[in-house]
file target10.csv (CSV, C-alpha atoms)
chain,number,residue,atom,x,y,z
D,1,MET,CA,42.8,146.3,154.2
D,2,GLY,CA,41.5,142.8,153.5
D,3,GLU,CA,41.0,140.0,155.9
D,4,MET,CA,43.7,137.8,157.5
D,5,ILE,CA,43.4,134.1,156.8
D,6,LYS,CA,44.9,131.8,159.4
D,7,VAL,CA,46.7,128.6,158.6
D,8,GLY,CA,47.3,126.0,161.4
D,9,MET,CA,49.9,123.4,161.8
D,10,ALA,CA,49.8,120.7,159.1
D,11,ASP,CA,47.3,122.9,157.2
D,12,LEU,CA,47.2,125.1,154.0
D,13,ASN,CA,45.0,127.7,152.4
D,14,VAL,CA,44.8,130.1,149.4
D,15,CYS,CA,44.6,133.9,149.6
D,16,VAL,CA,43.6,136.6,147.2
D,17,SER,CA,44.7,140.3,147.5
D,18,PRO,CA,43.9,142.4,149.4
D,19,ASP,CA,43.7,139.6,152.0
D,20,GLY,CA,46.7,138.4,153.9
D,21,ILE,CA,47.5,134.9,155.1
D,22,THR,CA,49.4,134.0,158.2
D,23,THR,CA,50.6,131.0,160.3
D,24,LEU,CA,51.7,131.5,163.9
D,25,GLY,CA,54.7,130.0,165.7
D,26,LEU,CA,56.6,128.0,163.1
D,27,GLY,CA,59.2,126.0,164.8
D,28,SER,CA,60.8,123.1,163.0
D,29,CYS,CA,57.9,123.2,160.6
D,30,VAL,CA,58.3,125.2,157.3
D,31,GLY,CA,56.0,127.8,156.0
D,32,ILE,CA,55.8,128.0,152.2
D,33,ALA,CA,54.2,131.0,150.6
D,34,LEU,CA,53.3,130.9,146.9
D,35,ARG,CA,52.3,133.9,144.7
D,36,ASP,CA,51.3,134.7,141.2
D,37,PRO,CA,52.5,138.3,140.9
D,38,VAL,CA,50.0,139.1,138.0
D,39,THR,CA,46.8,137.9,139.5
D,40,LYS,CA,48.0,138.5,143.0
D,41,ILE,CA,46.7,135.2,144.1
D,42,GLY,CA,48.7,133.3,146.7
D,43,GLY,CA,48.7,130.7,149.3
D,44,LEU,CA,50.5,129.4,152.4
D,45,ALA,CA,51.3,125.9,153.6
D,46,HIS,CA,52.6,124.9,157.1
D,47,VAL,CA,54.3,121.5,156.6
D,48,MET,CA,55.6,119.4,159.5
D,49,LEU,CA,57.5,116.5,157.9
D,50,PRO,CA,59.8,116.2,154.9
D,51,ASP,CA,58.6,113.1,153.2
D,52,SER,CA,55.2,111.5,152.9
D,53,THR,CA,56.7,108.3,151.4
D,54,ALA,CA,58.8,107.7,154.5
D,55,ILE,CA,55.7,107.2,156.7
D,56,ARG,CA,52.9,104.8,156.3
D,57,ASN,CA,50.2,106.9,157.9
D,58,ASN,CA,50.4,109.6,155.3
D,59,SER,CA,46.8,110.5,154.5
D,60,ASN,CA,47.2,114.0,155.9
D,61,ILE,CA,48.4,115.8,152.7
D,62,PRO,CA,49.3,119.2,154.2
D,63,LYS,CA,51.5,117.6,156.8
D,64,PHE,CA,54.3,116.8,154.4
D,65,ALA,CA,56.5,119.0,152.3
D,66,ASP,CA,56.2,116.9,149.2
D,67,THR,CA,52.4,116.4,149.1
D,68,GLY,CA,51.7,119.7,150.8
D,69,ILE,CA,53.4,121.8,148.2
D,70,GLU,CA,51.7,119.9,145.4
D,71,GLU,CA,48.3,120.5,147.0
D,72,LEU,CA,49.0,124.2,147.5
D,73,VAL,CA,50.0,124.6,143.9
D,74,LYS,CA,46.8,122.8,142.8
D,75,LYS,CA,44.7,125.1,145.1
D,76,VAL,CA,46.2,128.4,144.0
D,77,VAL,CA,45.9,127.4,140.3
D,78,ALA,CA,42.3,126.4,140.9
D,79,LYS,CA,41.7,129.8,142.4
D,80,GLY,CA,43.0,131.4,139.2
D,81,ALA,CA,46.8,131.7,139.6
D,82,ASN,CA,49.0,130.9,136.6
D,83,ARG,CA,51.1,127.8,137.3
D,84,THR,CA,54.1,129.1,135.3
D,85,ARG,CA,54.2,132.4,137.0
D,86,LEU,CA,54.3,131.0,140.6
D,87,VAL,CA,57.1,132.2,142.9
D,88,ALA,CA,57.8,131.1,146.5
D,89,LYS,CA,59.2,132.4,149.7
D,90,ILE,CA,59.9,130.1,152.6
D,91,ALA,CA,60.5,130.4,156.4
D,92,GLY,CA,61.0,128.2,159.4
D,93,GLY,CA,62.8,124.9,159.8
D,94,ALA,CA,64.4,125.9,163.1
D,95,GLN,CA,66.0,123.5,165.5
D,96,MET,CA,64.2,124.3,168.7
D,97,PHE,CA,66.2,122.1,171.1
D,98,ALA,CA,69.9,121.2,170.9
D,99,PHE,CA,68.9,117.6,171.9
D,100,GLN,CA,66.4,115.7,169.8
D,101,SER,CA,65.6,112.2,171.0
D,102,LYS,CA,65.4,110.1,167.9
D,103,SER,CA,68.1,109.9,165.4
D,104,ASP,CA,65.8,110.3,162.4
D,105,MET,CA,64.2,113.3,164.1
D,106,VAL,CA,67.6,115.0,164.4
D,107,ARG,CA,67.7,118.1,162.2
D,108,VAL,CA,64.1,117.7,161.2
D,109,GLY,CA,63.9,121.4,160.6
D,110,GLU,CA,66.8,121.3,158.3
D,111,ARG,CA,65.4,118.3,156.5
D,112,ASN,CA,62.1,120.0,156.1
D,113,VAL,CA,63.8,123.0,154.5
D,114,GLU,CA,65.8,120.6,152.2
D,115,ALA,CA,62.6,118.7,151.2
D,116,THR,CA,60.8,122.0,150.5
D,117,LYS,CA,63.6,123.3,148.3
D,118,LYS,CA,63.8,120.0,146.4
D,119,LYS,CA,60.0,119.9,145.8
D,120,LEU,CA,59.9,123.5,144.6
D,121,ALA,CA,62.9,122.9,142.3
D,122,GLU,CA,61.2,119.8,140.9
D,123,MET,CA,58.1,121.9,140.2
D,124,LYS,CA,60.2,124.7,138.8
D,125,ILE,CA,59.0,127.3,141.2
D,126,PRO,CA,61.8,129.8,142.1
D,127,ILE,CA,62.4,130.7,145.7
D,128,LEU,CA,62.7,134.5,145.9
D,129,ALA,CA,63.6,134.7,149.5
D,130,GLU,CA,64.0,132.5,152.7
D,131,ASP,CA,64.5,132.9,156.4
D,132,THR,CA,65.2,129.4,157.6
D,133,GLY,CA,67.2,127.5,160.2
D,134,ASP,CA,68.6,128.8,163.5
D,135,SER,CA,66.9,128.0,166.8
D,136,TYR,CA,63.9,130.2,167.2
D,137,GLY,CA,60.2,130.2,166.4
D,138,ARG,CA,58.7,132.4,163.7
D,139,THR,CA,55.3,133.9,162.9
D,140,VAL,CA,54.9,134.7,159.2
D,141,ILE,CA,52.4,136.9,157.4
D,142,PHE,CA,52.1,136.9,153.6
D,143,TYR,CA,50.5,139.5,151.4
D,144,PRO,CA,49.8,138.4,147.8
D,145,GLU,CA,49.3,142.0,146.9
D,146,ASN,CA,53.0,142.9,146.9
D,147,GLY,CA,54.6,139.6,147.9
D,148,ASP,CA,55.8,140.8,151.3
D,149,PHE,CA,56.6,138.0,153.6
D,150,ILE,CA,56.7,139.4,157.2
D,151,ILE,CA,58.6,137.4,159.8
D,152,ARG,CA,58.2,138.0,163.6
D,153,ALA,CA,60.3,136.3,166.3
D,154,VAL,CA,60.4,136.7,170.0
D,155,GLY,CA,62.8,139.4,171.1
D,156,LYS,CA,63.9,140.2,167.5
D,157,PRO,CA,62.9,143.1,165.2
D,158,GLU,CA,60.3,142.3,162.6
D,159,LYS,CA,61.7,141.6,159.1
D,160,VAL,CA,60.3,141.6,155.6
D,161,ILE,CA,61.7,139.3,153.0
P,1,MET,CA,52.7,96.4,167.2
P,2,GLY,CA,53.8,98.7,164.4
P,3,ASP,CA,50.1,99.0,163.4
P,4,LEU,CA,49.1,100.7,166.5
P,5,SER,CA,48.3,104.3,166.2
P,6,LEU,CA,46.7,106.9,168.4
P,7,GLU,CA,43.7,107.0,166.0
P,8,GLN,CA,42.8,103.5,166.8
P,9,MET,CA,43.3,103.9,170.5
P,10,SER,CA,40.6,102.3,172.5
P,11,GLN,CA,38.6,104.1,175.1
P,12,GLU,CA,40.1,101.7,177.7
P,13,TYR,CA,43.6,102.6,176.8
P,14,PHE,CA,42.7,106.3,176.7
P,15,ASP,CA,41.3,106.0,180.3
P,16,ILE,CA,44.6,104.3,181.4
P,17,LEU,CA,46.6,107.1,179.9
P,18,LYS,CA,44.4,109.6,181.6
P,19,GLU,CA,44.9,107.9,184.9
P,20,LEU,CA,48.7,107.8,184.3
P,21,GLY,CA,48.5,111.5,183.6
P,22,ASN,CA,46.6,112.0,186.9
P,23,ILE,CA,49.1,110.0,189.0
P,24,GLY,CA,52.1,111.5,187.2
P,25,ALA,CA,50.9,115.0,187.7
P,26,GLY,CA,50.1,114.3,191.3
P,27,ASN,CA,53.7,113.1,191.9
P,28,ALA,CA,55.0,116.2,190.0
P,29,THR,CA,52.9,118.4,192.3
P,30,THR,CA,54.4,116.8,195.4
P,31,ALA,CA,57.9,117.2,194.0
P,32,LEU,CA,57.2,120.9,193.2
P,33,ALA,CA,55.9,121.4,196.8
P,34,GLN,CA,59.1,119.9,198.2
P,35,MET,CA,61.3,122.0,196.0
P,36,LEU,CA,59.5,125.2,196.8
P,37,GLN,CA,58.9,124.2,200.5
P,38,CYS,CA,55.4,125.3,200.4
P,39,LYS,CA,51.9,123.9,199.9
P,40,VAL,CA,51.0,123.4,196.3
P,41,ASP,CA,47.5,122.2,195.2
P,42,MET,CA,46.6,120.7,191.9
P,43,SER,CA,43.4,120.5,189.9
P,44,VAL,CA,42.3,117.2,188.2
P,45,PRO,CA,44.4,117.0,185.0
P,46,GLN,CA,42.6,117.2,181.7
P,47,VAL,CA,43.7,114.7,179.1
P,48,ASN,CA,42.9,115.5,175.6
P,49,LEU,CA,43.7,114.1,172.2
P,50,LEU,CA,44.0,117.1,170.0
P,51,GLU,CA,44.6,117.7,166.4
P,52,PHE,CA,47.8,119.6,165.6
P,53,LYS,CA,45.9,122.8,164.6
P,54,GLU,CA,44.1,122.8,168.0
P,55,LEU,CA,47.3,122.5,170.0
P,56,GLY,CA,48.2,126.2,170.1
P,57,ALA,CA,44.7,127.3,171.0
P,58,ALA,CA,44.7,124.9,174.0
P,59,MET,CA,47.7,126.8,175.4
P,60,GLY,CA,46.3,130.3,174.9
P,61,GLY,CA,47.4,130.8,171.3
P,62,GLU,CA,50.4,129.8,169.2
P,63,GLU,CA,52.2,133.0,170.0
P,64,GLN,CA,51.9,132.7,173.8
P,65,ILE,CA,55.4,132.7,175.1
P,66,MET,CA,56.1,129.5,177.0
P,67,ALA,CA,59.0,127.7,178.6
P,68,GLY,CA,59.4,124.2,177.2
P,69,ILE,CA,61.5,121.5,178.9
P,70,TYR,CA,62.3,118.6,176.7
P,71,LEU,CA,63.9,115.3,177.7
P,72,GLY,CA,64.7,112.1,176.0
P,73,VAL,CA,63.5,108.8,177.5
P,74,GLU,CA,65.4,105.5,177.4
P,75,GLY,CA,65.3,102.1,179.0
P,76,ASP,CA,62.4,99.7,178.5
P,77,ILE,CA,60.6,102.3,176.6
P,78,THR,CA,62.0,105.0,174.4
P,79,GLY,CA,60.7,108.4,173.3
P,80,SER,CA,60.6,111.8,174.9
P,81,ILE,CA,58.7,113.9,177.3
P,82,MET,CA,57.9,117.6,177.3
P,83,PHE,CA,56.8,119.9,180.1
P,84,LEU,CA,55.5,123.4,179.2
P,85,LEU,CA,54.5,126.3,181.3
P,86,GLU,CA,53.7,129.9,180.5
P,87,LYS,CA,56.5,132.3,180.7
P,88,THR,CA,55.2,134.4,183.6
P,89,SER,CA,54.5,131.2,185.6
P,90,ALA,CA,58.0,130.1,184.9
P,91,LYS,CA,59.4,133.4,186.1
P,92,HIS,CA,57.3,133.1,189.3
P,93,LEU,CA,58.5,129.6,190.0
P,94,VAL,CA,62.1,130.5,189.4
P,95,GLY,CA,61.8,133.5,191.6
P,96,LYS,CA,60.4,131.4,194.4
P,97,LEU,CA,63.1,128.8,194.0
P,98,MET,CA,65.9,131.4,194.1
P,99,GLY,CA,64.2,133.4,196.9
P,100,MET,CA,64.0,136.6,194.9
P,101,ALA,CA,61.7,138.1,192.4
P,102,SER,CA,62.9,137.7,188.9
P,103,GLU,CA,63.4,141.0,187.1
P,104,GLY,CA,63.1,142.0,183.5
P,105,GLU,CA,61.7,140.2,180.5
P,106,GLU,CA,64.5,137.7,179.9
P,107,PHE,CA,65.8,134.9,182.0
P,108,SER,CA,69.3,135.3,183.4
P,109,GLU,CA,71.7,132.3,183.0
P,110,MET,CA,71.1,131.4,186.6
P,111,GLU,CA,67.4,131.5,186.2
P,112,PHE,CA,67.6,129.5,183.0
P,113,SER,CA,69.4,126.7,184.8
P,114,ALA,CA,67.0,126.9,187.8
P,115,LEU,CA,64.1,126.5,185.4
P,116,LYS,CA,65.8,123.5,183.8
P,117,GLU,CA,66.0,122.0,187.3
P,118,VAL,CA,62.3,122.7,187.9
P,119,GLY,CA,61.5,120.9,184.6
P,120,ASN,CA,63.9,118.1,185.5
P,121,ILE,CA,62.2,117.5,188.8
P,122,ILE,CA,58.7,117.7,187.5
P,123,THR,CA,59.2,115.5,184.5
P,124,GLY,CA,61.3,113.1,186.7
P,125,ALA,CA,58.4,112.7,189.1
P,126,TYR,CA,56.1,112.1,186.3
P,127,LEU,CA,58.2,109.5,184.7
P,128,ASN,CA,58.8,107.9,188.1
P,129,SER,CA,55.1,107.2,188.5
P,130,LEU,CA,54.9,105.8,185.1
P,131,SER,CA,57.8,103.5,185.8
P,132,THR,CA,56.3,102.4,189.1
P,133,LEU,CA,52.9,101.6,187.6
P,134,THR,CA,54.3,99.7,184.6
P,135,ASN,CA,57.4,98.2,186.2
P,136,LEU,CA,59.3,99.4,183.2
P,137,VAL,CA,62.7,100.9,183.5
P,138,ILE,CA,62.7,104.4,182.3
P,139,TYR,CA,65.8,106.7,182.3
P,140,PRO,CA,65.3,110.4,181.4
P,141,SER,CA,68.1,112.2,179.6
P,142,ILE,CA,69.5,115.6,180.5
P,143,PRO,CA,66.8,118.2,179.9
P,144,ASP,CA,66.9,120.9,177.3
P,145,LEU,CA,65.1,124.2,177.7
P,146,THR,CA,63.8,126.8,175.3
P,147,VAL,CA,61.7,129.9,175.8
P,148,ASP,CA,59.7,130.7,172.6
P,149,MET,CA,56.3,130.8,171.0
P,150,ALA,CA,54.0,127.9,172.0
P,151,GLY,CA,53.5,126.9,168.4
P,152,ALA,CA,57.3,126.7,167.7
P,153,ILE,CA,58.0,124.6,170.8
P,154,LEU,CA,55.1,122.3,170.1
P,155,SER,CA,56.3,121.7,166.6
P,156,VAL,CA,58.9,119.4,168.1
P,157,PRO,CA,56.5,116.9,169.8
P,158,ALA,CA,54.0,117.4,167.0
P,159,ILE,CA,56.6,116.3,164.5
P,160,GLU,CA,57.4,113.2,166.6
P,161,PHE,CA,53.7,112.4,166.9
P,162,GLY,CA,53.3,113.2,163.2
P,163,ALA,CA,54.9,109.9,162.5
P,164,LEU,CA,52.3,108.2,164.5
P,165,GLY,CA,49.1,110.0,163.5
P,166,ASP,CA,47.4,113.3,163.2
P,167,ARG,CA,46.7,114.0,166.8
P,168,ILE,CA,48.6,114.6,170.0
P,169,LEU,CA,47.9,113.6,173.6
P,170,LEU,CA,48.1,116.6,175.9
P,171,ILE,CA,47.9,116.4,179.7
P,172,GLN,CA,47.0,119.7,181.2
P,173,THR,CA,47.5,120.3,184.9
P,174,GLN,CA,46.9,123.3,187.0
P,175,PHE,CA,49.1,124.0,190.1
P,176,PHE,CA,48.3,126.6,192.7
P,177,ASP,CA,50.6,128.1,195.2
P,178,GLU,CA,50.1,131.9,195.4
P,179,ILE,CA,49.2,132.1,191.8
P,180,SER,CA,47.7,129.5,189.5
P,181,ILE,CA,50.2,127.9,187.1
P,182,ASP,CA,49.1,126.0,184.0
P,183,GLY,CA,51.5,123.2,183.2
P,184,TYR,CA,51.3,120.8,180.3
P,185,PHE,CA,52.8,117.4,179.8
P,186,ILE,CA,53.3,115.7,176.5
P,187,LEU,CA,54.6,112.1,176.6
P,188,ILE,CA,55.9,110.9,173.3
P,189,PRO,CA,56.6,107.2,173.4
P,190,ASP,CA,58.0,105.6,170.2
P,191,LEU,CA,55.6,103.4,168.4
P,192,ASP,CA,56.9,100.2,169.9
P,193,SER,CA,56.8,101.6,173.4
P,194,TYR,CA,53.1,102.1,173.2
P,195,GLY,CA,52.7,98.4,173.0
P,196,ARG,CA,55.2,97.9,175.9
P,197,ILE,CA,53.2,100.2,178.1
P,198,LEU,CA,50.0,98.4,177.2
P,199,SER,CA,51.4,94.9,177.9
P,200,ALA,CA,53.0,96.1,181.2
P,201,LEU,CA,49.6,97.3,182.3
P,202,GLY,CA,48.2,93.9,181.6
P,203,MET,CA,46.4,94.9,178.4
P,204,ALA,CA,46.7,92.9,175.2
P,205,GLY,CA,48.6,95.0,172.7
call {"tool": "encode", "arguments": {"input": "target10.csv", "output": "structure tokens"}}
result
Amino acid sequence: MGEMIKVGMADLNVCVSPDGITTLGLGSCVGIALRDPVTKIGGLAHVMLPDSTAIRNNSNIPKFADTGIEELVKKVVAKGANRTRLVAKIAGGAQMFAFQSKSDMVRVGERNVEATKKKLAEMKIPILAEDTGDSYGRTVIFYPENGDFIIRAVGKPEKVI
Amino acid sequence: MGDLSLEQMSQEYFDILKELGNIGAGNATTALAQMLQCKVDMSVPQVNLLEFKELGAAMGGEEQIMAGIYLGVEGDITGSIMFLLEKTSAKHLVGKLMGMASEGEEFSEMEFSALKEVGNIITGAYLNSLSTLTNLVIYPSIPDLTVDMAGAILSVPAIEFGALGDRILLIQTQFFDEISIDGYFILIPDLDSYGRILSALGMAG
């Protein structure tokens, strides 16, 4: 078994088989795992907000779905992945509280998922599987070796997508 | 005032927020003692400006199961406030409040609403001191409660702070009755409200 690389909130990293990559406690944020099935090179991003252009203070690239995905693609390609072979799996985007104070923050989880899908479609990266929405947190573990995306939640059985 | 961000926050302002945290947590402790009808002590709160990735670790890991109580704030300032405490501490508090030990892993419906009330009283006391100090009118909304992984709960205030900057202001308080309880406050004023708090405290915005 390889090592486990940890990705924090508003953070991203690349991962080469046999290593795995994980991010803990995704709430309204979205975790995006990319993989080149041939070279078994992958990566994971933990994005917080849908759109970097909607906010002036947007220098933190991994924070946003649009810039974060671009950066992750750049990084996995630099590591040796083939751009055209990349496939994605995504998880997260929950609504943690029924109430959310500000109107533009309402459904931020859902909007994160939408923005993620839009960006991946734009970059022609197919989404093979997703586990998004609902109202609970998720820990995700991704293995570029076989593409398994493991999802853990409190009080729920582990699932692999 | 739209230019203000946490990154540019002066030491002076940071000290004021720290002091607000202190007084707020003190009031919250008094409220807690009254509710539980026993003596509750409090340690000096720690106020830290943390990067998003450091948040989970500050609470014992992103997967630590916490109870998070989240309220909207309206009036002269707008935003939201969150109070978090570790699940076993939450169970302990609820057990004391209801006069019986809480059984099992999950919260019953009754315990859930008792915990909501605990959060309501604690955050209410906190906001009260803020209101008194600043002379600003602050109304809290009905609280919402969730029990989940720390990281997942924290994503909500982190996202709200995310619009302001790359760090989050965390106020950590320790309460002691029979056991020690770690509680965390996160106050999330909207961008404009920062300026209003500053001016109300007699500082140029």
call {"tool": "residues_around", "arguments": {"input": "target10.csv", "residues": "stretch 80-95 of chain D", "least_positions_apart": "4", "cutoff": "9 Å", "atoms": "all atoms listed in the file", "output": "PyMOL selection string"}}
result
(chain D and resi 26-42+73-76+100+106-113+116-117+120+124-140+147+149+151+161) or (chain P and resi 152+156)
call {"tool": "atom_distance", "arguments": {"input": "target10.csv", "atom1": "atom CA of D:Asn146", "atom2": "atom CA of D:Val16"}}
result
11.3 Å
call {"tool": "closest_atom_pairs", "arguments": {"input": "target10.csv", "of": "chain D", "to": "chain P", "cutoff": "7 Å", "atoms": "only C-alpha atoms", "output": "CSV"}}
result
residue,atom,partner,partner_atom,distance
D:Gly8,CA,P:Lys53,CA,4.7
D:Met9,CA,P:Lys53,CA,4.9
D:Ala10,CA,P:Phe52,CA,6.9
D:Leu24,CA,P:Glu62,CA,5.7
D:Gly25,CA,P:Gly151,CA,4.3
D:Leu26,CA,P:Ala152,CA,4.8
D:Gly27,CA,P:Ala152,CA,3.5
D:Ser28,CA,P:Ser155,CA,5.9
D:Cys29,CA,P:Ser155,CA,6.4
D:Met48,CA,P:Ile159,CA,6.0
D:Leu49,CA,P:Ile159,CA,6.7
D:Ile55,CA,P:Ala163,CA,6.4
D:Asn57,CA,P:Gly165,CA,6.5
D:Met96,CA,P:Ile153,CA,6.6
D:Phe97,CA,P:Asp144,CA,6.4
D:Phe99,CA,P:Asp144,CA,6.6
D:Ser101,CA,P:Gly72,CA,5.1
D:Tyr136,CA,P:Asp148,CA,6.9
D:Gly137,CA,P:Ala152,CA,4.7
D:Val154,CA,P:Asp148,CA,6.6
call {"tool": "closest_residue", "arguments": {"input": "target10.csv", "among": "D:Ala115, D:Val14, D:Leu72, D:Val160", "to": "D:Pro50", "atoms": "all atoms listed in the file"}}
result
D:Ala115
call {"tool": "atom_distance", "arguments": {"input": "target10.csv", "atom1": "atom CA of P:Val137", "atom2": "atom CA of P:Leu17"}}
result
17.6 Å
call {"tool": "decode", "arguments": {"input": "target10.csv", "residues": "stretch 43-66 of chain D", "atoms": "N, CA and C atoms", "output": "compact mmCIF listing (two decimals), in the first residue's frame"}}
result
# COMPACT_ATOMS: atom_id res chain seq x y z
N GLY D 43 -5.74 13.18 -8.93
CA GLY D 43 -5.65 14.34 -8.06
C GLY D 43 -6.99 14.61 -7.43
N LEU D 44 -6.96 15.44 -6.40
CA LEU D 44 -8.19 15.76 -5.69
C LEU D 44 -8.20 17.24 -5.30
N ALA D 45 -9.35 17.88 -5.53
CA ALA D 45 -9.50 19.29 -5.13
C ALA D 45 -10.68 19.38 -4.16
N HIS D 46 -10.58 20.29 -3.19
CA HIS D 46 -11.64 20.53 -2.21
C HIS D 46 -12.04 22.00 -2.36
N VAL D 47 -13.05 22.25 -3.19
CA VAL D 47 -13.42 23.64 -3.49
C VAL D 47 -14.58 24.10 -2.60
N MET D 48 -14.59 25.40 -2.29
CA MET D 48 -15.56 25.95 -1.34
C MET D 48 -16.67 26.76 -1.98
N LEU D 49 -16.31 27.49 -3.03
CA LEU D 49 -17.25 28.43 -3.64
C LEU D 49 -17.33 28.18 -5.14
N PRO D 50 -18.51 28.49 -5.73
CA PRO D 50 -18.69 28.15 -7.14
C PRO D 50 -17.87 28.99 -8.12
N ASP D 51 -17.77 30.30 -7.87
CA ASP D 51 -17.36 31.18 -8.95
C ASP D 51 -16.34 32.22 -8.50
N SER D 52 -15.14 32.15 -9.03
CA SER D 52 -14.09 33.10 -8.64
C SER D 52 -14.37 34.50 -9.16
N THR D 53 -15.15 34.58 -10.24
CA THR D 53 -15.39 35.91 -10.83
C THR D 53 -16.43 36.69 -10.04
N ALA D 54 -17.17 35.99 -9.14
CA ALA D 54 -18.21 36.68 -8.36
C ALA D 54 -17.63 37.37 -7.13
N ILE D 55 -16.37 37.11 -6.84
CA ILE D 55 -15.76 37.66 -5.63
C ILE D 55 -14.47 38.38 -5.98
N ARG D 56 -14.29 39.54 -5.35
CA ARG D 56 -13.12 40.35 -5.68
C ARG D 56 -11.84 39.74 -5.11
N ASN D 57 -11.96 39.24 -3.88
CA ASN D 57 -10.81 38.64 -3.23
C ASN D 57 -10.69 37.19 -3.68
N ASN D 58 -10.14 36.98 -4.89
CA ASN D 58 -10.19 35.64 -5.48
C ASN D 58 -8.81 35.07 -5.81
N SER D 59 -7.81 35.47 -5.03
CA SER D 59 -6.45 35.03 -5.33
C SER D 59 -6.20 33.58 -4.91
N ASN D 60 -7.05 33.05 -4.04
CA ASN D 60 -6.87 31.68 -3.57
C ASN D 60 -7.49 30.71 -4.58
N ILE D 61 -6.68 30.26 -5.51
CA ILE D 61 -7.15 29.47 -6.66
C ILE D 61 -7.92 28.19 -6.27
N PRO D 62 -7.43 27.39 -5.32
CA PRO D 62 -8.15 26.15 -5.02
C PRO D 62 -9.48 26.35 -4.31
N LYS D 63 -9.79 27.59 -3.94
CA LYS D 63 -11.03 27.85 -3.20
C LYS D 63 -12.27 27.75 -4.10
N PHE D 64 -12.08 28.01 -5.37
CA PHE D 64 -13.24 28.12 -6.28
C PHE D 64 -13.31 26.94 -7.25
N ALA D 65 -14.55 26.56 -7.58
CA ALA D 65 -14.75 25.44 -8.50
C ALA D 65 -14.10 25.72 -9.85
N ASP D 66 -14.31 26.91 -10.39
CA ASP D 66 -13.78 27.19 -11.74
C ASP D 66 -12.26 27.18 -11.79
